[in-house]
$ cat work.cif   # mmCIF, C-alpha atoms
data_work
#
loop_
_atom_site.label_atom_id
_atom_site.label_comp_id
_atom_site.auth_asym_id
_atom_site.auth_seq_id
_atom_site.Cartn_x
_atom_site.Cartn_y
_atom_site.Cartn_z
CA MET M 1 16.19 -60.04 33.52
CA VAL M 2 19.17 -58.25 31.94
CA PRO M 3 18.35 -59.45 28.39
CA LEU M 4 14.77 -58.26 28.92
CA LYS M 5 15.95 -54.74 29.85
CA ALA M 6 18.26 -54.65 26.84
CA ASN M 7 15.43 -55.65 24.52
CA SER M 8 13.22 -52.95 26.05
CA ARG M 9 15.87 -50.35 25.37
CA VAL M 10 16.16 -51.48 21.74
CA ILE M 11 12.40 -51.26 21.27
CA ILE M 12 12.28 -47.76 22.82
CA TYR M 13 15.20 -46.52 20.71
CA SER M 14 13.68 -48.00 17.53
CA SER M 15 10.28 -46.45 18.28
CA THR M 16 11.90 -43.07 18.92
CA LEU M 17 13.81 -43.27 15.63
CA VAL M 18 10.64 -44.11 13.68
CA LEU M 19 8.80 -41.26 15.37
CA LEU M 20 11.58 -38.79 14.52
CA VAL M 21 11.59 -39.90 10.89
CA PHE M 22 7.81 -39.54 10.76
CA LEU M 23 7.90 -36.09 12.31
CA GLN M 24 10.61 -35.00 9.88
CA GLN M 25 8.43 -36.14 6.94
CA VAL M 26 5.44 -34.25 8.33
CA TYR M 27 7.62 -31.23 9.06
CA THR M 28 8.67 -30.93 5.42
CA PHE M 29 5.36 -32.01 3.86
CA CYS M 30 4.36 -30.36 0.59
CA PRO M 31 0.87 -31.01 -0.87
CA SER M 32 0.89 -32.54 -4.35
CA ILE M 33 -1.05 -29.56 -5.76
CA CYS M 34 1.65 -27.15 -4.54
CA THR M 35 5.28 -26.43 -5.37
CA CYS M 36 7.76 -26.14 -2.53
CA GLU M 37 11.35 -24.97 -2.56
CA GLY M 38 14.10 -24.35 -0.06
CA ASP M 39 15.38 -26.46 2.78
CA PRO M 40 13.11 -27.56 4.22
CA ASN M 41 10.30 -26.20 1.98
CA VAL M 42 10.45 -22.60 3.17
CA ARG M 43 8.79 -21.27 -0.02
CA THR M 44 5.44 -22.60 -1.22
CA TRP M 45 3.31 -21.88 -4.30
CA CYS M 46 -0.26 -23.21 -4.57
CA ILE M 47 -1.45 -21.05 -7.48
CA GLY M 48 -4.80 -21.86 -9.07
CA ALA M 49 -4.94 -25.14 -7.16
CA GLY M 50 -8.66 -24.99 -6.37
CA LEU M 51 -8.08 -24.57 -2.64
CA ASP M 52 -11.04 -23.58 -0.47
CA VAL M 53 -8.98 -22.94 2.65
CA VAL M 54 -5.43 -22.01 3.56
CA PRO M 55 -3.52 -25.32 3.92
CA ILE M 56 -2.42 -25.99 7.49
CA GLN M 57 -0.03 -28.87 6.81
CA LEU M 58 2.85 -26.80 5.38
CA ASN M 59 6.23 -26.45 7.05
CA PRO M 60 5.70 -24.33 10.19
CA ASP M 61 8.94 -22.50 9.31
CA VAL M 62 7.70 -21.49 5.85
CA ARG M 63 8.70 -17.93 4.88
CA TYR M 64 6.80 -17.42 1.60
CA ILE M 65 3.29 -18.60 0.67
CA ASN M 66 1.58 -17.80 -2.64
CA LEU M 67 -2.09 -18.83 -2.77
CA THR M 68 -3.29 -16.64 -5.64
CA ALA M 69 -6.24 -17.58 -7.86
CA ASN M 70 -7.90 -20.08 -5.53
CA ARG M 71 -11.37 -20.22 -3.92
CA ILE M 72 -10.39 -19.30 -0.36
CA THR M 73 -13.22 -17.46 1.42
CA ASN M 74 -11.61 -16.56 4.75
CA VAL M 75 -8.40 -16.68 6.80
CA HIS M 76 -9.98 -17.53 10.14
CA PHE M 77 -7.68 -19.58 12.42
CA THR M 78 -5.61 -20.92 9.49
CA LEU M 79 -2.37 -18.94 9.77
CA THR M 80 -1.53 -19.58 13.42
CA PHE M 81 1.08 -22.21 12.58
CA TYR M 82 3.17 -20.00 10.28
CA TYR M 83 4.78 -17.64 12.74
CA LYS M 84 7.92 -17.10 10.60
CA LEU M 85 6.00 -16.09 7.48
CA GLU M 86 7.41 -13.03 5.66
CA VAL M 87 5.36 -12.92 2.43
CA LEU M 88 1.72 -13.96 2.04
CA ASP M 89 -0.08 -13.59 -1.29
CA LEU M 90 -3.85 -14.23 -1.25
CA ALA M 91 -4.75 -12.20 -4.34
CA GLY M 92 -7.56 -13.39 -6.59
CA ASN M 93 -9.53 -15.39 -4.04
CA ARG M 94 -13.05 -14.99 -2.63
CA ILE M 95 -12.32 -13.52 0.77
CA GLU M 96 -15.22 -11.35 1.96
CA ALA M 97 -14.21 -10.66 5.57
CA LEU M 98 -10.85 -10.48 7.33
CA GLY M 99 -12.20 -11.07 10.81
CA SER M 100 -10.28 -10.13 13.94
CA ARG M 101 -6.68 -10.93 14.89
CA ASN M 102 -6.23 -13.59 12.20
CA PHE M 103 -2.70 -12.31 11.50
CA ASP M 104 -1.81 -11.95 15.16
CA THR M 105 1.03 -14.50 15.07
CA GLN M 106 2.57 -13.23 11.80
CA GLN M 107 4.87 -10.74 13.49
CA ALA M 108 7.58 -11.34 10.87
CA LEU M 109 5.26 -10.65 7.92
CA ARG M 110 6.54 -7.92 5.58
CA THR M 111 4.29 -8.25 2.52
CA LEU M 112 0.57 -9.00 2.50
CA ASN M 113 -1.38 -9.06 -0.77
CA LEU M 114 -5.18 -9.25 -0.48
CA SER M 115 -5.95 -7.73 -3.88
CA ASP M 116 -8.86 -8.82 -6.08
CA ASN M 117 -11.00 -10.39 -3.40
CA ALA M 118 -14.48 -9.36 -2.22
CA ILE M 119 -13.58 -7.57 1.02
CA VAL M 120 -16.21 -4.99 1.99
CA SER M 121 -14.80 -3.48 5.19
CA ILE M 122 -11.65 -3.40 7.31
CA PRO M 123 -12.51 -4.03 10.98
CA LYS M 124 -10.64 -2.73 14.00
CA ASP M 125 -8.27 -5.66 14.64
CA ALA M 126 -7.92 -6.99 11.10
CA PHE M 127 -4.16 -6.34 11.01
CA ARG M 128 -3.39 -6.58 14.69
CA GLY M 129 0.17 -7.75 15.30
CA LEU M 130 1.63 -6.89 11.88
CA GLN M 131 4.19 -4.49 13.29
CA ARG M 132 6.85 -5.32 10.67
CA LEU M 133 4.57 -5.15 7.64
CA GLN M 134 5.99 -2.95 4.88
CA THR M 135 3.64 -3.55 1.93
CA LEU M 136 -0.14 -3.94 2.11
CA LYS M 137 -2.12 -4.38 -1.11
CA LEU M 138 -5.91 -4.14 -0.86
CA CYS M 139 -6.71 -3.05 -4.41
CA GLY M 140 -9.59 -4.45 -6.43
CA ASN M 141 -11.93 -5.19 -3.52
CA ARG M 142 -15.25 -3.59 -2.49
CA ILE M 143 -14.01 -1.76 0.59
CA ASP M 144 -16.28 1.13 1.58
CA THR M 145 -15.41 1.47 5.27
CA ILE M 146 -12.19 1.28 7.28
CA HIS M 147 -12.25 1.31 11.06
CA PRO M 148 -10.14 4.23 12.32
CA ALA M 149 -7.98 1.83 14.37
CA ALA M 150 -7.52 -0.76 11.62
CA PHE M 151 -4.00 0.41 10.72
CA HIS M 152 -2.91 1.11 14.29
CA ASP M 153 -0.13 -1.52 14.37
CA LEU M 154 1.25 -0.78 10.89
CA ARG M 155 3.89 1.72 11.98
CA ASN M 156 6.52 0.34 9.61
CA LEU M 157 4.25 0.22 6.56
CA ILE M 158 5.88 1.78 3.48
CA GLU M 159 3.27 1.13 0.78
CA LEU M 160 -0.54 1.06 1.11
CA ASP M 161 -2.53 0.33 -2.05
CA LEU M 162 -6.30 0.87 -1.86
CA GLU M 163 -6.87 1.26 -5.61
CA GLY M 164 -10.18 0.13 -7.06
CA ASN M 165 -12.43 0.16 -4.01
CA ALA M 166 -15.57 2.07 -2.99
CA LEU M 167 -14.28 4.55 -0.40
CA THR M 168 -16.10 7.88 -0.25
CA SER M 169 -14.30 9.19 2.86
CA LEU M 170 -12.03 8.22 5.73
CA GLU M 171 -12.81 8.31 9.42
CA PRO M 172 -10.61 10.75 11.40
CA SER M 173 -7.21 9.31 12.39
CA THR M 174 -7.44 6.32 10.06
CA LEU M 175 -3.94 7.10 8.72
CA ARG M 176 -2.58 8.59 11.93
CA HIS M 177 -0.15 5.80 12.88
CA LEU M 178 1.34 5.17 9.43
CA TYR M 179 4.52 7.02 10.32
CA SER M 180 6.72 5.27 7.72
CA LEU M 181 4.35 5.45 4.76
CA GLU M 182 5.95 6.54 1.47
CA VAL M 183 3.43 5.40 -1.16
CA LEU M 184 -0.34 5.79 -0.79
CA SER M 185 -2.88 5.07 -3.53
CA PHE M 186 -6.61 5.80 -3.48
CA GLN M 187 -6.89 5.59 -7.26
CA ASN M 188 -10.30 4.65 -8.64
CA ASN M 189 -12.39 5.08 -5.51
CA GLN M 190 -15.26 7.50 -4.84
CA LEU M 191 -13.58 10.03 -2.56
CA LEU M 192 -15.53 13.29 -2.41
CA GLU M 193 -12.75 15.38 -0.85
CA VAL M 194 -9.06 15.22 -0.07
CA PRO M 195 -8.76 13.34 3.27
CA TYR M 196 -6.27 15.80 4.72
CA GLU M 197 -7.38 16.83 8.21
CA ARG M 198 -6.50 14.22 10.84
CA ASN M 199 -5.33 11.84 8.11
CA LEU M 200 -2.90 13.00 5.40
CA GLU M 201 -1.58 15.70 7.71
CA HIS M 202 0.11 12.98 9.79
CA LEU M 203 2.14 11.65 6.84
CA GLY M 204 4.31 14.69 6.16
CA GLN M 205 7.68 13.24 7.15
CA ARG M 206 7.84 10.30 4.71
CA LEU M 207 5.07 10.32 2.08
CA GLN M 208 6.50 10.66 -1.43
CA LEU M 209 3.70 9.51 -3.74
CA LEU M 210 -0.01 10.24 -3.30
CA ASP M 211 -2.47 8.98 -5.90
CA LEU M 212 -5.98 10.47 -5.72
CA SER M 213 -6.75 10.01 -9.42
CA VAL M 214 -10.09 8.74 -10.74
CA ASN M 215 -12.21 9.76 -7.77
CA LEU M 216 -15.04 12.29 -7.37
CA LEU M 217 -13.03 15.31 -6.24
CA GLU M 218 -14.63 18.57 -7.37
CA TYR M 219 -12.55 21.10 -5.48
CA ILE M 220 -9.08 21.42 -3.97
CA ALA M 221 -9.21 23.79 -1.00
CA ASN M 222 -6.45 25.88 0.53
CA ASP M 223 -3.75 23.90 2.36
CA SER M 224 -5.08 20.52 1.25
CA PHE M 225 -1.54 19.13 1.23
CA VAL M 226 0.33 21.70 3.30
CA ALA M 227 2.11 19.27 5.64
CA LEU M 228 3.33 16.95 2.88
CA ARG M 229 6.80 18.45 2.59
CA GLU M 230 8.43 15.28 1.24
CA LEU M 231 5.80 14.60 -1.43
CA ARG M 232 7.36 14.09 -4.87
CA THR M 233 4.39 12.94 -6.97
CA LEU M 234 0.75 14.04 -6.70
CA ARG M 235 -1.85 12.48 -9.01
CA LEU M 236 -5.24 14.17 -9.33
CA GLY M 237 -6.14 13.15 -12.87
CA GLY M 238 -9.51 11.74 -13.85
CA ASN M 239 -11.54 13.53 -11.19
CA ILE M 240 -14.28 16.13 -11.76
CA LEU M 241 -12.26 19.11 -10.53
CA THR M 242 -13.83 22.43 -11.46
CA GLU M 243 -11.79 24.71 -9.21
CA LEU M 244 -8.41 24.98 -7.54
CA ASP M 245 -8.23 27.29 -4.55
CA TYR M 246 -5.48 29.91 -4.35
CA GLY M 247 -3.43 27.93 -1.82
CA ALA M 248 -4.35 24.47 -3.11
CA PHE M 249 -0.73 23.39 -3.47
CA HIS M 250 0.73 25.39 -0.62
CA GLY M 251 3.51 23.57 1.21
CA LEU M 252 4.49 21.18 -1.58
CA SER M 253 8.10 22.32 -1.66
CA GLY M 254 9.44 18.94 -2.75
CA LEU M 255 6.98 18.23 -5.54
CA LYS M 256 8.38 16.95 -8.84
CA ALA M 257 5.27 15.79 -10.70
CA LEU M 258 1.69 17.06 -10.59
CA ASP M 259 -0.92 15.29 -12.72
CA ILE M 260 -4.30 17.03 -13.19
CA VAL M 261 -5.14 15.53 -16.59
CA ASP M 262 -8.78 14.86 -17.53
CA ASN M 263 -10.71 17.08 -15.15
CA ASN M 264 -13.45 19.68 -15.63
CA LEU M 265 -11.34 22.78 -15.11
CA THR M 266 -13.24 24.87 -17.65
CA CYS M 267 -12.05 28.01 -15.91
CA CYS M 268 -9.86 28.73 -12.97
CA HIS M 269 -7.84 31.43 -11.29
CA PRO M 270 -4.22 31.18 -12.43
CA ASP M 271 -2.76 31.64 -8.98
CA PRO M 272 -2.70 28.00 -7.70
CA ILE M 273 -0.48 26.65 -10.49
CA ARG M 274 1.45 29.92 -10.79
CA ALA M 275 2.14 29.84 -7.04
CA LEU M 276 3.40 26.28 -7.33
CA TRP M 277 5.63 27.26 -10.24
CA MET M 278 7.00 30.25 -8.35
CA LEU M 279 7.75 28.04 -5.35
CA MET M 280 9.69 25.65 -7.57
CA MET M 281 11.64 28.52 -9.11
CA MET M 282 12.49 29.87 -5.65
CA MET M 283 13.76 26.45 -4.65
CA MET M 284 15.96 26.42 -7.74
CA MET M 285 17.44 29.83 -6.98
CA LEU M 286 17.95 29.20 -3.29
CA SER M 287 19.53 25.78 -3.64
CA ALA M 288 23.23 25.73 -4.35
CA LYS M 289 22.84 22.40 -6.09
CA GLY M 290 19.87 23.47 -8.13
CA GLY M 291 16.15 23.09 -7.59
CA PRO M 292 13.36 22.45 -10.05
CA GLY M 293 14.63 23.87 -13.32
CA ASN M 294 12.89 21.93 -16.05
CA LEU M 295 9.28 23.01 -15.79
CA HIS M 296 7.74 21.79 -19.00
CA PRO M 297 4.85 19.57 -20.04
CA GLU M 298 5.18 16.04 -21.30
CA PRO M 299 5.22 15.52 -25.10
CA GLY M 300 1.72 16.12 -26.37
CA GLN M 301 0.68 18.00 -23.23
CA HIS M 302 0.57 21.74 -22.65
CA TYR M 303 -0.11 24.27 -19.92
CA PRO M 304 -3.61 25.57 -19.28
CA VAL M 305 -3.88 28.93 -21.02
CA CYS M 306 -5.60 30.58 -18.05
CA ALA M 307 -2.62 29.77 -15.83
CA SER M 308 -0.13 31.47 -18.18
CA VAL M 309 2.82 29.61 -16.74
CA PRO M 310 6.01 30.10 -18.81
CA ALA M 311 8.42 27.25 -19.30
CA ALA M 312 11.64 27.70 -17.38
CA GLN M 313 14.95 27.51 -19.18
CA GLU M 314 16.46 24.08 -19.36
CA ASN M 315 19.10 23.37 -16.78
CA ARG M 316 21.06 20.29 -17.78
CA ASN M 317 22.88 20.14 -14.46
CA ASN M 318 19.63 20.02 -12.58
CA THR M 319 18.94 16.76 -10.78
CA PHE M 320 15.45 17.82 -9.76
CA ALA M 321 13.20 17.89 -12.85
CA ALA M 322 9.64 19.05 -12.25
CA LYS M 323 6.67 18.24 -14.41
CA VAL M 324 3.29 19.89 -14.33
CA ILE M 325 0.81 18.03 -16.48
CA ALA M 326 -2.38 20.00 -17.10
CA SER M 327 -5.76 19.08 -18.50
CA HIS M 328 -6.53 19.20 -22.21
CA ARG M 329 -10.04 20.26 -21.34
CA LEU M 330 -8.80 23.26 -19.38
CA ALA M 331 -6.71 24.55 -22.26
CA GLY M 332 -9.42 23.89 -24.83
CA ALA M 333 -12.14 25.62 -22.83
CA SER M 334 -9.97 28.63 -22.09
CA LYS M 335 -9.51 29.22 -25.82
CA GLY M 336 -13.25 29.57 -26.21
#
$ encode --input "work.cif" --output "C-alpha cells"
Amino acid sequence: MVPLKANSRVIIYSSTLVLLVFLQQVYTFCPSICTCEGDPNVRTWCIGAGLDVVPIQLNPDVRYINLTANRITNVHFTLTFYYKLEVLDLAGNRIEALGSRNFDTQQALRTLNLSDNAIVSIPKDAFRGLQRLQTLKLCGNRIDTIHPAAFHDLRNLIELDLEGNALTSLEPSTLRHLYSLEVLSFQNNQLLEVPYERNLEHLGQRLQLLDLSVNLLEYIANDSFVALRELRTLRLGGNILTELDYGAFHGLSGLKALDIVDNNLTCCHPDPIRALWMLMMMMMMLSAKGGPGNLHPEPGQHYPVCASVPAAQENRNNTFAAKVIASHRLAGASKG
C-alpha cells in the first residue's frame, strides 16, 4: 500500500506541474498577428491585423493595447479581463456604439483613443468607472448627442478632444464634472453658440486651451467666457462670426492667444478687442514680473482697422507674450 500512495503523490505532483506550465503559457499568450513586449507581454500591438473583435486571450495584466486600423465594431463584454489596462487605442475601427459600462473594470485606464470610428452618440454610462482617465480622444466620429451624465466619472480628465463631429449644442451640465480639464476641442463641429452656461462656466479653475474653430458661431455675447480665468488660448477661427459683443472677452485675464481668423466680421464695434487689449496692458502694469507686453500680430497678419488697437512696445523681459490674430476679411472690409 505504501508504494501505491507514493506513486499517487508522484502522479498528482506531475499533473500539477503540467497544469502550471500550461497556465503560464496561456497567461503570456500573444496572438501571431500581434506584437507583444514586456515581461510577461504587458504591451500589445495588433495594428491593421483584420480583427473583428477585441482579443480576449491576451495577458490579463496587460497595460497597453493598440488595436488601431482594424474592423472592430463594438467593445461589448470584451475588456472585462484587462483590469490593469492603462492605455487603450481603438482608433480607425468601425465602432458605432459604445454601449453601457463596457469600461467599468478599467479603473486604471489613463488614455482612451476612440478617434476615427462611426460613433453617433455618447450614452449615459459609456465611460462609467474611468475615474483615472486623463486623455479621451473622440475626434473624427459622427457624434451629434452626448448624454449630460456621460462624463460624470471623468473627474481627472485633462484632455477632451471632440474635433470633427456633428455637435450643434450641449445639454446642460454635460461638462459639469470635468474639474481637471485643461484642453478642450470642439473644432470642426456645428456648434451654433458658445456652450457657456452650465457647461464651460464650470471649467474656470483649470481650462487653458479652448478650441471652437470651424463651427457655425455667428455671435459672441457678453460674458461668454467670463469664468475662464486660467484660459491661455482661445480659438474662434473659421466660424461665421459677424459680431462681437462689448463684453465678449470679459474675464479672460490670463489669455495669451486669441485666434479669430477667417470669419465674417465685415464691421464691428472696436470695444471688444480694445477692452481685451486694455485688460492685458493693465495686467502688465500691475504685475511686478510683467504681464502681456508683446501685443502684435503674427507675420503676415494685422489688426482689424475698425478696432484701432495699437501695438504695445516690445518688452524683452516679458515672459507672457500675447497674440491677437484678427481676420483678413475684417481688415479688408473696413477699408471699403
$ residues_near_point --input "work.cif" --point "(-6.7, 6.5, 11.6)" --cutoff "8 Å" --atoms "all atoms listed in the file" --output "list in words"
His147, Pro148, Ala149, Ala150, Phe151, His152, Glu171, Pro172, Ser173, Thr174, Leu175, Arg176, His177, Arg198 and Asn199 of chain M
$ resolve_selection --input "work.cif" --expression "the PyMOL selection byres ((chain M and resi 164-170) around 12)" --output "number ranges by chain"
M: 115-122, 137-150, 161-163, 171-176, 185-200, 211-217
$ residues_near_point --input "work.cif" --point "(4.2, 0.9, 14.7)" --cutoff "9 Å" --atoms "all atoms listed in the file" --output "list in words"
Leu130, Gln131, Arg132, His152, Asp153, Leu154, Arg155, Asn156, Leu157, His177, Leu178, Tyr179 and Ser180 of chain M
$ resolve_selection --input "work.cif" --expression "the PyMOL selection byres ((chain M and resi 90-107) around 7)" --output "CSV table (one decimal) with C-alpha atoms, in the frame of the given file"
chain,number,residue,atom,x,y,z
M,66,ASN,CA,1.6,-17.8,-2.6
M,67,LEU,CA,-2.1,-18.8,-2.8
M,68,THR,CA,-3.3,-16.6,-5.6
M,69,ALA,CA,-6.2,-17.6,-7.9
M,70,ASN,CA,-7.9,-20.1,-5.5
M,71,ARG,CA,-11.4,-20.2,-3.9
M,72,ILE,CA,-10.4,-19.3,-0.4
M,73,THR,CA,-13.2,-17.5,1.4
M,74,ASN,CA,-11.6,-16.6,4.8
M,75,VAL,CA,-8.4,-16.7,6.8
M,76,HIS,CA,-10.0,-17.5,10.1
M,77,PHE,CA,-7.7,-19.6,12.4
M,79,LEU,CA,-2.4,-18.9,9.8
M,80,THR,CA,-1.5,-19.6,13.4
M,82,TYR,CA,3.2,-20.0,10.3
M,83,TYR,CA,4.8,-17.6,12.7
M,84,LYS,CA,7.9,-17.1,10.6
M,85,LEU,CA,6.0,-16.1,7.5
M,88,LEU,CA,1.7,-14.0,2.0
M,89,ASP,CA,-0.1,-13.6,-1.3
M,108,ALA,CA,7.6,-11.3,10.9
M,109,LEU,CA,5.3,-10.6,7.9
M,113,ASN,CA,-1.4,-9.1,-0.8
M,114,LEU,CA,-5.2,-9.2,-0.5
M,115,SER,CA,-6.0,-7.7,-3.9
M,116,ASP,CA,-8.9,-8.8,-6.1
M,117,ASN,CA,-11.0,-10.4,-3.4
M,118,ALA,CA,-14.5,-9.4,-2.2
M,119,ILE,CA,-13.6,-7.6,1.0
M,120,VAL,CA,-16.2,-5.0,2.0
M,125,ASP,CA,-8.3,-5.7,14.6
M,126,ALA,CA,-7.9,-7.0,11.1
M,127,PHE,CA,-4.2,-6.3,11.0
M,128,ARG,CA,-3.4,-6.6,14.7
M,129,GLY,CA,0.2,-7.8,15.3
M,130,LEU,CA,1.6,-6.9,11.9
M,131,GLN,CA,4.2,-4.5,13.3
M,132,ARG,CA,6.8,-5.3,10.7
$ resolve_selection --input "work.cif" --expression "the PyMOL selection byres ((chain M and resi 61) around 9)" --output "number ranges by chain"
M: 27, 40-42, 58-60, 62-63, 81-85
